[in-house]
file entry-v1.txt (compact mmCIF, C-alpha atoms and all ligand atoms)
# COMPACT_ATOMS: atom_id res chain seq x y z
CA MET Z 653 -20.23 19.80 5.33
CA LEU Z 654 -17.18 17.56 5.09
CA GLY Z 655 -16.23 15.65 1.93
CA ILE Z 656 -14.78 12.16 1.60
CA PHE Z 657 -13.71 10.38 -1.53
CA ASP Z 658 -12.24 7.07 -2.60
CA SER Z 659 -12.05 5.01 -5.77
CA GLY Z 660 -15.00 3.00 -4.49
CA LEU Z 661 -16.17 1.45 -1.24
CA GLY Z 662 -12.97 1.75 0.79
CA GLY Z 663 -13.60 5.27 2.04
CA LEU Z 664 -16.64 3.99 3.92
CA THR Z 665 -14.17 2.72 6.54
CA ALA Z 666 -13.24 6.35 7.17
CA LEU Z 667 -16.80 7.64 6.87
CA ARG Z 668 -18.05 5.18 9.49
CA GLU Z 669 -15.50 6.53 11.97
CA LEU Z 670 -16.26 10.16 11.07
CA ARG Z 671 -19.98 9.60 11.65
CA ARG Z 672 -19.18 8.04 15.03
CA LEU Z 673 -16.93 10.95 16.04
CA LEU Z 674 -19.13 13.74 14.60
CA PRO Z 675 -22.73 12.48 14.79
CA GLU Z 676 -24.27 15.88 13.97
CA GLU Z 677 -22.08 16.68 10.98
CA ASP Z 678 -23.28 16.34 7.38
CA PHE Z 679 -21.06 14.46 4.93
CA ILE Z 680 -20.81 13.98 1.21
CA TYR Z 681 -19.18 10.77 0.02
CA PHE Z 682 -17.96 10.12 -3.51
CA GLY Z 683 -16.89 6.64 -4.66
CA ASP Z 684 -15.44 6.57 -8.17
CA THR Z 685 -16.92 3.14 -8.86
CA GLY Z 686 -16.81 3.67 -12.62
CA ARG Z 687 -13.00 3.83 -12.56
CA VAL Z 688 -12.02 1.63 -9.61
CA PRO Z 689 -9.31 0.34 -9.12
CA TYR Z 690 -6.95 3.32 -8.99
CA GLY Z 691 -4.05 1.28 -7.63
CA THR Z 692 -3.14 -0.29 -10.96
CA ARG Z 693 -2.96 3.05 -12.81
CA SER Z 694 -0.18 5.53 -13.59
CA HIS Z 695 0.53 8.49 -11.31
CA GLU Z 696 -0.74 10.83 -14.05
CA ALA Z 697 -4.07 9.00 -14.25
CA ILE Z 698 -4.46 8.91 -10.45
CA ILE Z 699 -3.76 12.67 -10.19
CA LYS Z 700 -6.26 13.42 -12.97
CA TYR Z 701 -8.97 11.32 -11.31
CA ALA Z 702 -8.24 12.77 -7.86
CA LEU Z 703 -8.51 16.36 -9.17
CA GLN Z 704 -11.91 15.55 -10.71
CA ASP Z 705 -13.06 13.91 -7.47
CA MET Z 706 -12.01 17.03 -5.53
CA ARG Z 707 -13.76 19.38 -7.99
CA PHE Z 708 -16.96 17.40 -7.58
CA LEU Z 709 -16.79 17.69 -3.78
CA MET Z 710 -15.88 21.39 -4.02
CA SER Z 711 -19.02 21.94 -6.12
CA HIS Z 712 -20.93 20.97 -2.94
CA ASN Z 713 -19.10 23.61 -0.89
CA VAL Z 714 -17.28 21.25 1.47
CA ASN Z 715 -15.18 22.83 4.22
CA ALA Z 716 -12.51 20.12 4.28
CA VAL Z 717 -11.84 16.81 2.53
CA LEU Z 718 -10.65 13.42 3.67
CA VAL Z 719 -8.81 11.63 0.89
CA ALA Z 720 -9.97 8.23 2.10
CA CYS Z 721 -7.83 6.37 -0.41
CA GLY Z 722 -4.32 5.11 0.29
CA THR Z 723 -3.47 5.25 -3.39
CA VAL Z 724 -4.43 8.91 -3.86
CA SER Z 725 -2.92 9.85 -0.48
CA SER Z 726 0.39 8.27 -1.54
CA THR Z 727 0.60 9.72 -5.02
CA ALA Z 728 -1.53 12.86 -5.44
CA LEU Z 729 -1.85 14.68 -2.12
CA ASP Z 730 0.63 17.44 -3.05
CA ALA Z 731 -1.12 17.98 -6.40
CA LEU Z 732 -4.46 18.36 -4.62
CA ARG Z 733 -3.10 20.68 -1.95
CA SER Z 734 -1.47 22.89 -4.57
CA GLN Z 735 -4.85 23.47 -6.27
CA PHE Z 736 -7.32 23.76 -3.38
CA SER Z 737 -6.96 25.89 -0.27
CA ILE Z 738 -9.29 23.98 2.08
CA PRO Z 739 -7.76 21.41 4.50
CA ILE Z 740 -7.12 18.11 2.67
CA ILE Z 741 -6.22 15.15 4.89
CA GLY Z 742 -4.65 11.94 3.59
CA VAL Z 743 -4.38 8.57 5.30
CA VAL Z 744 -0.61 7.99 5.31
CA ASP Z 745 0.78 10.00 8.23
CA ALA Z 746 -2.06 9.30 10.66
CA ALA Z 747 -1.68 5.54 10.11
CA VAL Z 748 2.10 5.69 10.45
CA TYR Z 749 1.91 7.54 13.79
CA ALA Z 750 -0.61 5.03 15.12
CA ALA Z 751 1.54 2.08 14.01
CA ALA Z 752 4.73 3.55 15.47
CA ALA Z 753 2.91 4.00 18.78
CA ALA Z 754 1.41 0.49 18.69
CA THR Z 755 4.43 -1.67 17.80
CA LYS Z 756 6.26 -3.31 20.66
CA ASN Z 757 8.91 -5.22 18.72
CA GLY Z 758 9.65 -2.46 16.18
CA VAL Z 759 8.57 -4.51 13.14
CA VAL Z 760 5.60 -3.11 11.23
CA GLY Z 761 3.99 -4.34 8.02
CA VAL Z 762 2.17 -2.15 5.53
CA ILE Z 763 -0.13 -3.44 2.81
CA GLY Z 764 -1.67 -1.38 0.04
CA THR Z 765 -2.25 -1.26 -3.68
CA GLY Z 766 0.60 -1.57 -6.18
CA ALA Z 767 0.68 2.21 -6.75
CA THR Z 768 0.74 2.88 -2.99
CA ILE Z 769 3.61 0.53 -2.25
CA SER Z 770 5.69 1.63 -5.23
CA ALA Z 771 5.15 5.32 -4.36
CA GLY Z 772 6.92 4.66 -1.03
CA ALA Z 773 4.96 7.28 0.95
CA PHE Z 774 4.41 5.01 3.97
CA ALA Z 775 8.13 4.10 4.04
CA ARG Z 776 9.15 7.80 3.89
CA SER Z 777 6.67 8.77 6.57
CA MET Z 778 7.81 5.94 8.88
CA ALA Z 779 11.49 6.79 8.30
CA ALA Z 780 10.72 10.37 9.39
CA ALA Z 781 8.43 9.53 12.33
CA ALA Z 782 10.16 6.45 13.78
CA PRO Z 783 13.48 5.70 12.04
CA SER Z 784 14.19 2.64 14.21
CA VAL Z 785 11.03 0.83 13.05
CA LYS Z 786 11.57 -1.86 10.41
CA LEU Z 787 8.82 -1.62 7.77
CA ILE Z 788 7.86 -4.60 5.59
CA SER Z 789 5.82 -3.43 2.57
CA THR Z 790 3.63 -5.70 0.45
CA ALA Z 791 1.30 -4.85 -2.40
CA CYS Z 792 -2.07 -6.65 -2.22
CA PRO Z 793 -3.91 -5.39 -5.32
CA LEU Z 794 -6.39 -8.27 -5.58
CA PHE Z 795 -8.01 -7.33 -2.27
CA VAL Z 796 -9.61 -4.26 -3.94
CA PRO Z 797 -11.71 -6.12 -6.57
CA LEU Z 798 -12.51 -8.83 -4.02
CA VAL Z 799 -14.03 -6.19 -1.72
CA GLU Z 800 -15.77 -4.34 -4.57
CA ASN Z 801 -17.35 -7.64 -5.64
CA GLY Z 802 -18.55 -8.49 -2.16
CA PHE Z 803 -16.08 -11.32 -1.33
CA ILE Z 804 -15.99 -9.99 2.22
CA ASP Z 805 -17.52 -12.68 4.42
CA ARG Z 806 -15.07 -13.87 7.09
CA ASP Z 807 -15.40 -17.43 5.75
CA ASN Z 808 -14.85 -16.53 2.11
CA GLU Z 809 -12.41 -19.19 0.87
CA VAL Z 810 -11.19 -17.22 -2.14
CA THR Z 811 -10.26 -14.11 -0.15
CA LYS Z 812 -8.70 -16.28 2.57
CA LEU Z 813 -6.43 -18.02 0.04
CA VAL Z 814 -5.37 -14.70 -1.47
CA ALA Z 815 -4.67 -13.33 2.02
CA GLU Z 816 -2.55 -16.38 2.97
CA SER Z 817 -0.42 -15.83 -0.10
CA TYR Z 818 -0.08 -12.03 0.21
CA LEU Z 819 0.62 -11.93 3.95
CA SER Z 820 3.23 -14.68 4.22
CA ASP Z 821 6.25 -12.30 4.07
CA ILE Z 822 4.77 -10.13 6.80
CA ARG Z 823 4.19 -13.21 8.97
CA LYS Z 824 7.73 -14.50 8.31
CA GLY Z 825 9.17 -11.05 9.05
CA GLY Z 826 7.62 -11.11 12.54
CA ALA Z 827 5.61 -7.87 12.33
CA ASP Z 828 3.48 -7.29 15.43
CA THR Z 829 1.56 -4.40 13.80
CA LEU Z 830 0.08 -4.11 10.31
CA ILE Z 831 -0.99 -0.89 8.60
CA LEU Z 832 -4.00 -1.45 6.34
CA GLY Z 833 -2.69 1.15 3.91
CA CYS Z 834 -5.63 0.78 1.54
CA THR Z 835 -8.99 1.85 2.90
CA HIS Z 836 -10.71 -1.15 1.32
CA PHE Z 837 -8.81 -3.56 3.55
CA PRO Z 838 -10.53 -3.00 6.93
CA ILE Z 839 -13.68 -4.36 5.28
CA ILE Z 840 -11.93 -7.76 5.25
CA SER Z 841 -10.07 -7.33 8.54
CA PRO Z 842 -11.64 -10.53 10.05
CA ILE Z 843 -9.95 -12.49 7.24
CA ILE Z 844 -6.63 -10.65 7.68
CA GLU Z 845 -6.85 -11.28 11.45
CA SER Z 846 -7.42 -14.99 10.87
CA VAL Z 847 -4.21 -15.15 8.80
CA LEU Z 848 -2.21 -12.93 11.19
CA PRO Z 849 -3.55 -13.59 14.68
CA ASN Z 850 -1.96 -11.48 17.45
CA VAL Z 851 -1.02 -8.72 15.00
CA THR Z 852 -2.44 -5.24 15.73
CA LEU Z 853 -4.24 -3.92 12.67
CA ILE Z 854 -4.11 -0.18 11.97
CA ASN Z 855 -7.12 1.09 10.04
CA SER Z 856 -5.67 3.98 8.01
CA GLY Z 857 -9.07 5.47 7.13
CA ALA Z 858 -10.21 5.50 10.75
CA GLU Z 859 -6.93 7.08 11.93
CA ALA Z 860 -7.25 9.79 9.28
CA ALA Z 861 -10.90 10.32 10.23
CA ALA Z 862 -9.82 11.10 13.79
CA GLU Z 863 -7.25 13.58 12.44
CA LEU Z 864 -9.84 15.32 10.24
CA ALA Z 865 -12.36 15.46 13.09
CA LYS Z 866 -9.79 17.16 15.30
CA ILE Z 867 -8.80 19.69 12.61
CA ALA Z 868 -12.43 20.43 11.70
CA TRP Z 869 -13.33 20.93 15.34
CA ASN Z 870 -10.33 23.12 16.16
CA SER Z 871 -10.63 25.24 13.01
CA GLY Z 872 -14.37 25.88 13.24
CA LEU Z 873 -15.12 23.93 10.04
CA LEU Z 874 -18.07 21.94 11.36
CA SER Z 875 -21.49 22.87 10.04
CA HIS Z 876 -23.45 21.30 12.93
CA GLY Z 877 -26.02 19.81 10.59
CA THR Z 878 -28.41 16.92 10.93
CA GLY Z 879 -26.03 13.96 10.72
CA HIS Z 880 -26.95 13.32 7.10
CA THR Z 881 -24.70 11.71 4.44
CA GLU Z 882 -25.19 12.02 0.68
CA PHE Z 883 -23.58 9.23 -1.34
CA TYR Z 884 -22.48 9.65 -4.96
CA VAL Z 885 -20.91 7.10 -7.30
CA SER Z 886 -19.77 7.23 -10.93
CA ASP Z 887 -21.39 3.97 -12.05
CA GLU Z 888 -24.63 2.12 -11.37
CA PRO Z 889 -25.25 2.35 -7.60
CA GLN Z 890 -26.55 -1.21 -6.97
CA GLY Z 891 -23.25 -3.02 -6.35
CA PHE Z 892 -21.96 -0.17 -4.19
CA SER Z 893 -25.15 0.04 -2.12
CA HIS Z 894 -25.23 -3.70 -1.62
CA VAL Z 895 -21.71 -4.03 -0.13
CA ALA Z 896 -22.09 -0.69 1.68
CA ALA Z 897 -25.23 -2.00 3.40
CA VAL Z 898 -23.30 -5.04 4.68
CA PHE Z 899 -20.45 -2.88 5.94
CA LEU Z 900 -22.49 0.06 7.34
CA GLY Z 901 -25.35 -2.11 8.59
CA LYS Z 902 -27.81 0.19 6.82
CA ASP Z 903 -29.53 0.29 3.44
CA ILE Z 904 -28.27 3.44 1.68
CA SER Z 905 -29.70 2.75 -1.78
CA SER Z 906 -32.20 5.63 -1.59
CA GLU Z 907 -29.40 8.05 -0.61
CA THR Z 908 -26.99 6.97 -3.38
CA GLN Z 909 -26.93 8.81 -6.70
CA LYS Z 910 -24.96 8.33 -9.88
CA ILE Z 911 -23.05 11.30 -11.32
CA ASP Z 912 -20.97 11.90 -14.45
CA ILE Z 913 -17.49 12.53 -13.01
CA ASP Z 914 -16.16 13.54 -16.45
CA LYS Z 915 -18.09 16.81 -16.09
CA TYR Z 916 -15.72 17.90 -13.31
N1 LIG G 1001 -9.31 2.42 -1.29
C1 LIG G 1001 -8.24 2.58 -2.26
C2 LIG G 1001 -6.94 2.74 -1.51
O1 LIG G 1001 -7.00 3.03 -0.34
C3 LIG G 1001 -8.33 1.49 -3.27
C4 LIG G 1001 -7.40 1.70 -4.38
C5 LIG G 1001 -7.81 1.21 -5.71
O2 LIG G 1001 -8.81 1.67 -6.21
O3 LIG G 1001 -7.04 0.43 -6.27
O4 LIG G 1001 -5.85 2.60 -2.02

call {"tool": "encode", "arguments": {"input": "entry-v1.txt", "output": "structure tokens"}}
result
Amino acid sequence: MLGIFDSGLGGLTALRELRRLLPEEDFIYFGDTGRVPYGTRSHEAIIKYALQDMRFLMSHNVNAVLVACGTVSSTALDALRSQFSIPIIGVVDAAVYAAAAATKNGVVGVIGTGATISAGAFARSMAAAAPSVKLISTACPLFVPLVENGFIDRDNEVTKLVAESYLSDIRKGGADTLILGCTHFPIISPIIESVLPNVTLINSGAEAAAELAKIAWNSGLLSHGTGHTEFYVSDEPQGFSHVAAVFLGKDISSETQKIDIDKY
């Protein structure tokens, strides 16, 4: 069984890709909906939450974990890897490699939460992978609560206005490729596309999912199960299940359970 966690709904963008790539694998998904958003919190708080999220997944005997959260991947990956010996994959490097391969004009944008952008992990990774690429970084924290509250329809005027405002520097800077460095953002990619037409969007969760699938396959970590996913959240499941159903195209309310994350 493979584990995936995020502060809320965003990791579903990675899970959807994992289920497509590994249709027979069993997954366990944890969304920390009781404490979302992570991206406005201190590094110490994010590390504490991420360690609890990992301990919960470890209690289900997962073979590997996808940290399907740009914020945790940018700030807490080393802390997680120092405490757990199973493979732990973050979303930063996979997205950076995909963007470096996709850009034609060498100008790439990256958007994420405040904590992600101030941590600078995408900038460091890009400088190492493709030093000639110019990276324009913008924090878009309001996108997270908009997604969590279901403001995801392509015609949603509120989310469109916020996107126009957040993405103007990236448009002015001439980026031809944009890393969605927060896993919540692909859920509103039709809106982002309408603001930045002709820009290639890189879905960081999906890129990391492909990396995890490859590692799990090559390292014999797949359990060859029944293609089942268990969903867990840390607050009432209704809101999560509702938006998840829109995004996954499937009602998951009967498979979603609430847990007390403070026990881990
Ligand atoms: N999906 C998380 C990320 O990728 C959202 C962060 C948050 O909770 O603020 O960064």

call {"tool": "atom_distance", "arguments": {"input": "entry-v1.txt", "atom1": "CA of Pro675 in chain Z", "atom2": "CA of Leu900 in chain Z"}}
result
14.5 Å

call {"tool": "closest_residue", "arguments": {"input": "entry-v1.txt", "among": "Z:Ile822, Z:Ala720, Z:Ala751, Z:Val810", "to": "Pro797 in chain Z", "atoms": "only C-alpha atoms"}}
result
Z:Val810

call {"tool": "atom_distance", "arguments": {"input": "entry-v1.txt", "atom1": "CA of Gln890 in chain Z", "atom2": "CA of Glu907 in chain Z"}}
result
11.6 Å

call {"tool": "residues_near_ligand", "arguments": {"input": "entry-v1.txt", "ligand": "ligand LIG 1001 (chain G)", "cutoff": "9 Å", "atoms": "only C-alpha atoms and all ligand atoms", "output": "NGL selection string"}}
result
:Z and (658-663 or 684-685 or 687-693 or 719-726 or 743 or 764-768 or 793-797 or 832-837 or 856-857)

call {"tool": "closest_residue", "arguments": {"input": "entry-v1.txt", "among": "Z:Ser905, Z:Thr727, Z:Leu798, Z:Ala753", "to": "Gly772 in chain Z", "atoms": "all atoms listed in the file"}}
result
Z:Thr727

call {"tool": "atom_distance", "arguments": {"input": "entry-v1.txt", "atom1": "CA of Glu676 in chain Z", "atom2": "CA of Ile840 in chain Z"}}
result
28.1 Å

call {"tool": "build_atoms", "arguments": {"input": "entry-v1.txt", "residues": "range 759-770 of chain Z", "atoms": "all heavy atoms", "output": "PDB file, in the frame of the given file"}}
result
ATOM      1  N   VAL Z 759       8.734  -4.006  14.518  1.00  0.00           N
ATOM      2  CA  VAL Z 759       8.570  -4.510  13.140  1.00  0.00           C
ATOM      3  C   VAL Z 759       7.113  -4.290  12.732  1.00  0.00           C
ATOM      4  O   VAL Z 759       6.191  -4.823  13.356  1.00  0.00           O
ATOM      5  CB  VAL Z 759       8.931  -6.011  13.027  1.00  0.00           C
ATOM      6  CG1 VAL Z 759       8.858  -6.448  11.557  1.00  0.00           C
ATOM      7  CG2 VAL Z 759      10.322  -6.288  13.607  1.00  0.00           C
ATOM      8  N   VAL Z 760       6.942  -3.495  11.691  1.00  0.00           N
ATOM      9  CA  VAL Z 760       5.600  -3.110  11.230  1.00  0.00           C
ATOM     10  C   VAL Z 760       5.454  -3.522   9.772  1.00  0.00           C
ATOM     11  O   VAL Z 760       6.379  -3.355   8.978  1.00  0.00           O
ATOM     12  CB  VAL Z 760       5.398  -1.581  11.383  1.00  0.00           C
ATOM     13  CG1 VAL Z 760       4.097  -1.127  10.727  1.00  0.00           C
ATOM     14  CG2 VAL Z 760       5.423  -1.172  12.859  1.00  0.00           C
ATOM     15  N   GLY Z 761       4.299  -4.059   9.423  1.00  0.00           N
ATOM     16  CA  GLY Z 761       3.990  -4.340   8.020  1.00  0.00           C
ATOM     17  C   GLY Z 761       3.091  -3.249   7.476  1.00  0.00           C
ATOM     18  O   GLY Z 761       2.361  -2.594   8.222  1.00  0.00           O
ATOM     19  N   VAL Z 762       3.152  -3.035   6.174  1.00  0.00           N
ATOM     20  CA  VAL Z 762       2.170  -2.150   5.530  1.00  0.00           C
ATOM     21  C   VAL Z 762       1.728  -2.836   4.248  1.00  0.00           C
ATOM     22  O   VAL Z 762       2.541  -3.349   3.488  1.00  0.00           O
ATOM     23  CB  VAL Z 762       2.708  -0.721   5.255  1.00  0.00           C
ATOM     24  CG1 VAL Z 762       3.929  -0.707   4.359  1.00  0.00           C
ATOM     25  CG2 VAL Z 762       1.611   0.154   4.629  1.00  0.00           C
ATOM     26  N   ILE Z 763       0.407  -2.883   4.048  1.00  0.00           N
ATOM     27  CA  ILE Z 763      -0.130  -3.440   2.810  1.00  0.00           C
ATOM     28  C   ILE Z 763      -0.982  -2.369   2.125  1.00  0.00           C
ATOM     29  O   ILE Z 763      -1.623  -1.549   2.777  1.00  0.00           O
ATOM     30  CB  ILE Z 763      -0.946  -4.738   3.047  1.00  0.00           C
ATOM     31  CG1 ILE Z 763      -2.060  -4.533   4.063  1.00  0.00           C
ATOM     32  CG2 ILE Z 763      -0.012  -5.878   3.477  1.00  0.00           C
ATOM     33  CD1 ILE Z 763      -2.959  -5.773   4.256  1.00  0.00           C
ATOM     34  N   GLY Z 764      -0.914  -2.361   0.805  1.00  0.00           N
ATOM     35  CA  GLY Z 764      -1.670  -1.380   0.040  1.00  0.00           C
ATOM     36  C   GLY Z 764      -1.757  -1.826  -1.406  1.00  0.00           C
ATOM     37  O   GLY Z 764      -1.407  -2.960  -1.738  1.00  0.00           O
ATOM     38  N   THR Z 765      -2.192  -0.921  -2.255  1.00  0.00           N
ATOM     39  CA  THR Z 765      -2.250  -1.260  -3.680  1.00  0.00           C
ATOM     40  C   THR Z 765      -0.832  -1.195  -4.273  1.00  0.00           C
ATOM     41  O   THR Z 765       0.099  -0.696  -3.627  1.00  0.00           O
ATOM     42  CB  THR Z 765      -3.140  -0.252  -4.426  1.00  0.00           C
ATOM     43  OG1 THR Z 765      -2.525   1.032  -4.363  1.00  0.00           O
ATOM     44  CG2 THR Z 765      -4.542  -0.210  -3.831  1.00  0.00           C
ATOM     45  N   GLY Z 766      -0.697  -1.628  -5.512  1.00  0.00           N
ATOM     46  CA  GLY Z 766       0.600  -1.570  -6.180  1.00  0.00           C
ATOM     47  C   GLY Z 766       1.121  -0.145  -6.256  1.00  0.00           C
ATOM     48  O   GLY Z 766       2.295   0.128  -5.962  1.00  0.00           O
ATOM     49  N   ALA Z 767       0.250   0.804  -6.619  1.00  0.00           N
ATOM     50  CA  ALA Z 767       0.680   2.210  -6.750  1.00  0.00           C
ATOM     51  C   ALA Z 767       1.111   2.763  -5.397  1.00  0.00           C
ATOM     52  O   ALA Z 767       2.084   3.514  -5.300  1.00  0.00           O
ATOM     53  CB  ALA Z 767      -0.461   3.058  -7.320  1.00  0.00           C
ATOM     54  N   THR Z 768       0.409   2.386  -4.336  1.00  0.00           N
ATOM     55  CA  THR Z 768       0.740   2.880  -2.990  1.00  0.00           C
ATOM     56  C   THR Z 768       2.116   2.377  -2.564  1.00  0.00           C
ATOM     57  O   THR Z 768       2.959   3.156  -2.098  1.00  0.00           O
ATOM     58  CB  THR Z 768      -0.320   2.407  -1.974  1.00  0.00           C
ATOM     59  OG1 THR Z 768      -1.549   3.030  -2.311  1.00  0.00           O
ATOM     60  CG2 THR Z 768       0.070   2.756  -0.547  1.00  0.00           C
ATOM     61  N   ILE Z 769       2.339   1.089  -2.722  1.00  0.00           N
ATOM     62  CA  ILE Z 769       3.610   0.530  -2.250  1.00  0.00           C
ATOM     63  C   ILE Z 769       4.755   1.056  -3.098  1.00  0.00           C
ATOM     64  O   ILE Z 769       5.803   1.440  -2.574  1.00  0.00           O
ATOM     65  CB  ILE Z 769       3.547  -1.025  -2.227  1.00  0.00           C
ATOM     66  CG1 ILE Z 769       2.452  -1.497  -1.253  1.00  0.00           C
ATOM     67  CG2 ILE Z 769       4.911  -1.621  -1.869  1.00  0.00           C
ATOM     68  CD1 ILE Z 769       2.585  -0.996   0.188  1.00  0.00           C
ATOM     69  N   SER Z 770       4.558   1.157  -4.419  1.00  0.00           N
ATOM     70  CA  SER Z 770       5.690   1.630  -5.230  1.00  0.00           C
ATOM     71  C   SER Z 770       5.931   3.126  -5.034  1.00  0.00           C
ATOM     72  O   SER Z 770       7.053   3.598  -5.198  1.00  0.00           O
ATOM     73  CB  SER Z 770       5.515   1.258  -6.703  1.00  0.00           C
ATOM     74  OG  SER Z 770       4.439   1.960  -7.238  1.00  0.00           O
TER      75      SER Z 770
END
